[in-house]
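Quick notes on the structure that follows.
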Amino acid sequence: MIIGKETEQIEFKTSTGEKREAMEAISAILNKHKKGTVYFGVDDYGFVKGQQISDNTIKDISRIINETIEPKFSFTIDVLTLDDKDILKLSFSGHNRPYSVNGKYLIRNGTENQKMTNEDLKRLVKEDDYSSKREEEPTNYTIEDIDDATLYDFYKSSTACGRLEAKYYNKEKILSMLNLVKDGIINNGCYALFGAKAKIAVKLITYATTNKVKILDLKLISGNIYNLIDEALNYVLSRISWKSEITERKRVEKPEIPKEAIREIIANAFAHATYETLPEIEIGIHPDKIEIYNPGTFPENLTPYDFIEQNIPSYKRNKLILDVLFRSKDVEKSGTGFQRMNELCEESQIKWSFRKEAYGFLFEFMRQSVQTKVKISNLSKLETKILELIDKNFGISRTEIASKINKSEKTVQRTLNSLSKKGMILRVGSTKNGYWELSKTDTND
């Protein structure tokens with residue numbers, strides 16, 4: 001049986017023994033057409049030869065793709081039976097060009113995979129700007145697969161702030177206005193934003209120390225972008241310190257880091273993540289900092305300071321997603337998000353930093369050290385010393401305290417009990433996996 005012929009987007013391999021050559025074809029096709037297909041078990045003329053296929057065969061193909069081709073891209077592997085012979089169909093797509101295989105850049109010309117020249121590479125990079133087109137591609141879902149409550153919440157927010165003109169709530173009309181649906185079929189951007197069963201993920205972690213050795217709490221939640229922004233923000237706000245400020249008429253509770261600044265960076269992470277594969281935003285809460293990791297590279301040769309100081313327009317990786325978040329005032333399209341975040345942090349004297357990584361961008365809010373504001377005369381030297389240790393490491397154990405101050409664990413426990421009775425410390429969680437909280441009450445006169 002003949003299934004067709006090789007083209008610029010279709011490659012045949014007699015067996016999975018030709019994995020190296022197949023990886024080169026995938027990379028070359030991605031750089032030329034952004035999508036294609038490789039068949040294993042088919043000869044160069046399109047004749048179905050078949051081959052033995054097991055779970056390990058499929059796992060091996062997936063592994064070598066992840067190990068040899070950069071950056072990551074989406075792919076599916078299907079087993080087809082033709083003329084009682086099994087073949088593998090590998091379908092792939094990616095928009096984050098250029099792609100390399102084992103460090104080489106290739107491009108498809110006819111059915112050949114040729115090495116790209118420096119000029120070819122420069123031209124490809126120029127053609128493919130920071131933006132991704134995947135969000136515009138249609139899915140297999142319809143408007144019935146949208147979470148109505150989420151979309152309605154967006155409708156209320158965006159119309160209230162005047163960024164969406166819609167007198168009445170009509171699901172299909174709103175999605176059409178946002179360029180998220182065509183002929184009843186929603187695109188990838190729409191499903192990521194409002195999908196009832198979307199699988200965008202965020203990892204939420206609370207650490208006991210400044211490093212990532214001891215985890216106090218870990219949650220991995222998935223859903224659509226619009227809901228995850230709120231869930232991530234609420235998680236952070238529930239695990240940082242708050243203080244009271246007395247205004248003319250009432251007492252106001254304020255978080256140690258401005259809520260709007262935290263939300264800006266969380267929303268920014270979702271807006272600019274790379275959605276070629278299912279991304280995983282990660283938020284880590286340490287005693288001294290809050291880390292927000294975005295699996296999407298930052299624009300080359302730019303930093304957040306450039307957007308703050310030079311009024312540079314926003315680089316729009318996911319234009320549809322960014323437009324929706326802009327309309328509900330979760331982000332700003334004009335590139336002023338970092339400016340607003342920086343102003344809020346300066347007002348609250350919060351320091352922040354960032355770090356570019358190979359496949360992502362890490363942002364950090366520096367937490368103000370939690371100080372125990374008590375009269376030293378009310379505490380013994382031993383109590384003061386133990387409080388200082390806890391202040392530096394909320395996850396420190398009784399055994400570790402005893403070792404650092406050269407006292408017995410019984411003595412340490414008696415002192416901890418005394419501090420607890422005085423309202424200075426509170427134990428959260430179990431003896432083994434819990435952590436300490438210091439009193440936030442200022443008892444100074």
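Naming works like this for the structure tokens: A, B, ... for the chains as they're shown, residue 1 at the start of each chain, ligands 1 onward in shown order.
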Stretch 280-283 of chain A: which residues within 6 Å, counting only C-alpha atoms, same-chain residues fewer than 4 positions away excluded, as a list in words? Ala201, Val202, Lys203, Leu204, Glu291, Ile292, Tyr293 and Asn294 of chain A
Tell me which protein, DNA and RNA residues are within 8 Å of stretch 207-221 of chain A, counting only C-alpha atoms, leaving out same-chain ones fewer than 5 positions away, and put them as a PyMOL selection string. chain A and resi 201-202+284-289+393-396+433-435
From A:Lys404, A:Lys5, A:Arg239, A:Arg327, residue lying nearest A:Val428 [only C-alpha atoms]: A:Arg239
Please return, as a VMD selection string, all residues of stretch 219-436 of chain A that DSSP assigns to strand (DSSP E) on the basis of the backbone. chain A and resid 219 to 223 242 to 246 251 to 255 280 to 285 289 to 294 352 to 357 360 to 366 425 to 428 435 to 436
Selection above as a file: C-alpha atoms, as a compact mmCIF listing (two decimals), in the first residue's frame:
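Listed below is the output, result36.txt:
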# COMPACT_ATOMS: atom_id res chain seq x y z
CA LYS A 219 -0.21 22.91 45.38
CA LEU A 220 -0.41 22.13 41.67
CA ILE A 221 -3.61 23.49 40.18
CA SER A 222 -4.76 23.64 36.59
CA GLY A 223 -7.52 25.45 34.75
CA TRP A 242 -0.36 42.10 56.69
CA LYS A 243 -0.31 45.30 58.70
CA SER A 244 -3.01 47.67 59.91
CA GLU A 245 -3.16 51.33 59.01
CA ILE A 246 -5.55 53.74 60.68
CA ARG A 251 -8.72 50.57 60.08
CA VAL A 252 -7.25 49.26 56.79
CA GLU A 253 -5.35 45.99 56.42
CA LYS A 254 -2.49 46.13 53.89
CA PRO A 255 -0.21 43.33 52.68
CA GLU A 280 3.64 25.72 34.17
CA ILE A 281 3.85 29.04 36.00
CA GLU A 282 5.66 28.58 39.32
CA ILE A 283 5.31 30.78 42.41
CA GLY A 284 7.60 30.19 45.36
CA ILE A 285 7.17 31.90 48.72
CA LYS A 289 11.34 36.70 48.90
CA ILE A 290 8.53 35.77 46.54
CA GLU A 291 9.58 34.19 43.24
CA ILE A 292 7.37 34.17 40.13
CA TYR A 293 8.67 32.05 37.27
CA ASN A 294 7.35 32.60 33.77
CA TRP A 352 12.70 43.59 43.48
CA SER A 353 14.98 41.80 41.04
CA PHE A 354 14.82 39.57 37.97
CA ARG A 355 16.81 36.90 36.22
CA LYS A 356 16.70 35.71 32.61
CA GLU A 357 16.95 31.96 32.21
CA GLY A 360 12.02 31.38 31.20
CA PHE A 361 12.05 34.58 33.22
CA LEU A 362 12.24 34.76 37.03
CA PHE A 363 10.96 37.79 38.96
CA GLU A 364 11.54 38.28 42.70
CA PHE A 365 9.89 40.54 45.28
CA MET A 366 12.18 41.01 48.29
CA ILE A 425 5.67 32.74 68.47
CA LEU A 426 3.10 30.38 67.02
CA ARG A 427 3.71 26.88 65.71
CA VAL A 428 1.92 26.19 62.41
CA TYR A 435 7.02 26.17 60.70
CA TRP A 436 7.10 29.12 63.09
Neighbours of stretch 43-56 of chain A within 12 Å (only C-alpha atoms; same-chain residues fewer than 6 positions away dropped), as a compact mmCIF listing (two decimals) with N, CA and C atoms, in the first residue's frame?
# COMPACT_ATOMS: atom_id res chain seq x y z
N MET A 1 0.84 -1.20 0.00
CA MET A 1 0.00 0.00 0.00
C MET A 1 0.88 1.25 0.00
N ILE A 2 0.52 2.24 -0.81
CA ILE A 2 1.23 3.52 -0.86
C ILE A 2 0.37 4.58 -0.20
N ILE A 3 0.95 5.33 0.75
CA ILE A 3 0.16 6.34 1.46
C ILE A 3 0.42 7.75 0.94
N GLY A 4 1.30 7.88 -0.05
CA GLY A 4 1.57 9.20 -0.61
C GLY A 4 3.04 9.34 -0.94
N LYS A 5 3.50 10.59 -0.96
CA LYS A 5 4.91 10.83 -1.27
C LYS A 5 5.46 11.91 -0.33
N GLU A 6 6.79 11.92 -0.23
CA GLU A 6 7.43 12.90 0.63
C GLU A 6 7.27 14.30 0.02
N THR A 7 7.09 15.29 0.91
CA THR A 7 6.98 16.69 0.49
C THR A 7 7.82 17.54 1.44
N ILE A 10 6.22 16.51 4.77
CA ILE A 10 6.02 15.10 5.08
C ILE A 10 7.32 14.34 4.86
N GLU A 11 7.71 13.54 5.85
CA GLU A 11 8.94 12.74 5.79
C GLU A 11 8.62 11.28 6.08
N PHE A 12 9.21 10.37 5.32
CA PHE A 12 9.04 8.93 5.55
C PHE A 12 10.35 8.34 6.09
N LYS A 13 10.23 7.45 7.08
CA LYS A 13 11.36 6.71 7.59
C LYS A 13 10.97 5.23 7.68
N THR A 14 11.88 4.37 7.22
CA THR A 14 11.57 2.94 7.17
C THR A 14 11.30 2.37 8.56
N SER A 15 12.04 2.88 9.55
CA SER A 15 11.83 2.40 10.93
C SER A 15 12.31 3.47 11.90
N THR A 16 12.04 3.25 13.19
CA THR A 16 12.50 4.18 14.23
C THR A 16 14.01 4.06 14.44
N GLY A 17 14.66 3.15 13.73
CA GLY A 17 16.11 3.10 13.77
C GLY A 17 16.73 4.33 13.13
N GLU A 18 15.92 5.08 12.38
CA GLU A 18 16.40 6.31 11.73
C GLU A 18 15.98 7.55 12.54
N SER A 62 9.70 10.12 22.07
CA SER A 62 9.43 11.33 22.87
C SER A 62 10.70 11.81 23.56
N ARG A 63 11.46 10.87 24.10
CA ARG A 63 12.68 11.25 24.82
C ARG A 63 13.70 11.92 23.89
N ILE A 77 1.94 11.45 18.91
CA ILE A 77 2.38 10.21 18.28
C ILE A 77 1.20 9.25 18.25
N ASP A 78 0.84 8.79 17.05
CA ASP A 78 -0.28 7.86 16.88
C ASP A 78 0.20 6.59 16.19
N VAL A 79 -0.41 5.46 16.58
CA VAL A 79 -0.13 4.18 15.93
C VAL A 79 -1.25 3.92 14.92
N LEU A 80 -0.86 3.73 13.65
CA LEU A 80 -1.84 3.45 12.59
C LEU A 80 -1.62 2.02 12.09
N THR A 81 -2.70 1.36 11.73
CA THR A 81 -2.61 0.02 11.15
C THR A 81 -3.14 0.07 9.72
N LEU A 82 -2.25 -0.21 8.76
CA LEU A 82 -2.60 -0.18 7.34
C LEU A 82 -2.15 -1.50 6.71
N ASP A 83 -3.07 -2.17 6.04
CA ASP A 83 -2.75 -3.49 5.44
C ASP A 83 -2.19 -4.43 6.50
N ASP A 84 -2.79 -4.38 7.69
CA ASP A 84 -2.36 -5.25 8.81
C ASP A 84 -0.93 -4.98 9.25
N LYS A 85 -0.41 -3.78 8.96
CA LYS A 85 0.94 -3.41 9.37
C LYS A 85 0.86 -2.14 10.22
N ASP A 86 1.62 -2.12 11.30
CA ASP A 86 1.63 -0.97 12.19
C ASP A 86 2.70 0.04 11.78
N ILE A 87 2.32 1.30 11.76
CA ILE A 87 3.27 2.38 11.52
C ILE A 87 3.04 3.47 12.56
N LEU A 88 4.04 4.32 12.74
CA LEU A 88 3.92 5.45 13.67
C LEU A 88 3.74 6.74 12.88
N LYS A 89 2.79 7.55 13.31
CA LYS A 89 2.57 8.87 12.72
C LYS A 89 2.92 9.92 13.77
N THR A 111 12.62 17.89 -0.44
CA THR A 111 12.63 16.80 0.56
C THR A 111 14.00 16.68 1.21
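Of the listed residues (A:Gly423, A:Pro258, A:Gly110, A:Pro71), A:Pro71 comes nearest to A:Thr274; the distances count only C-alpha atoms.
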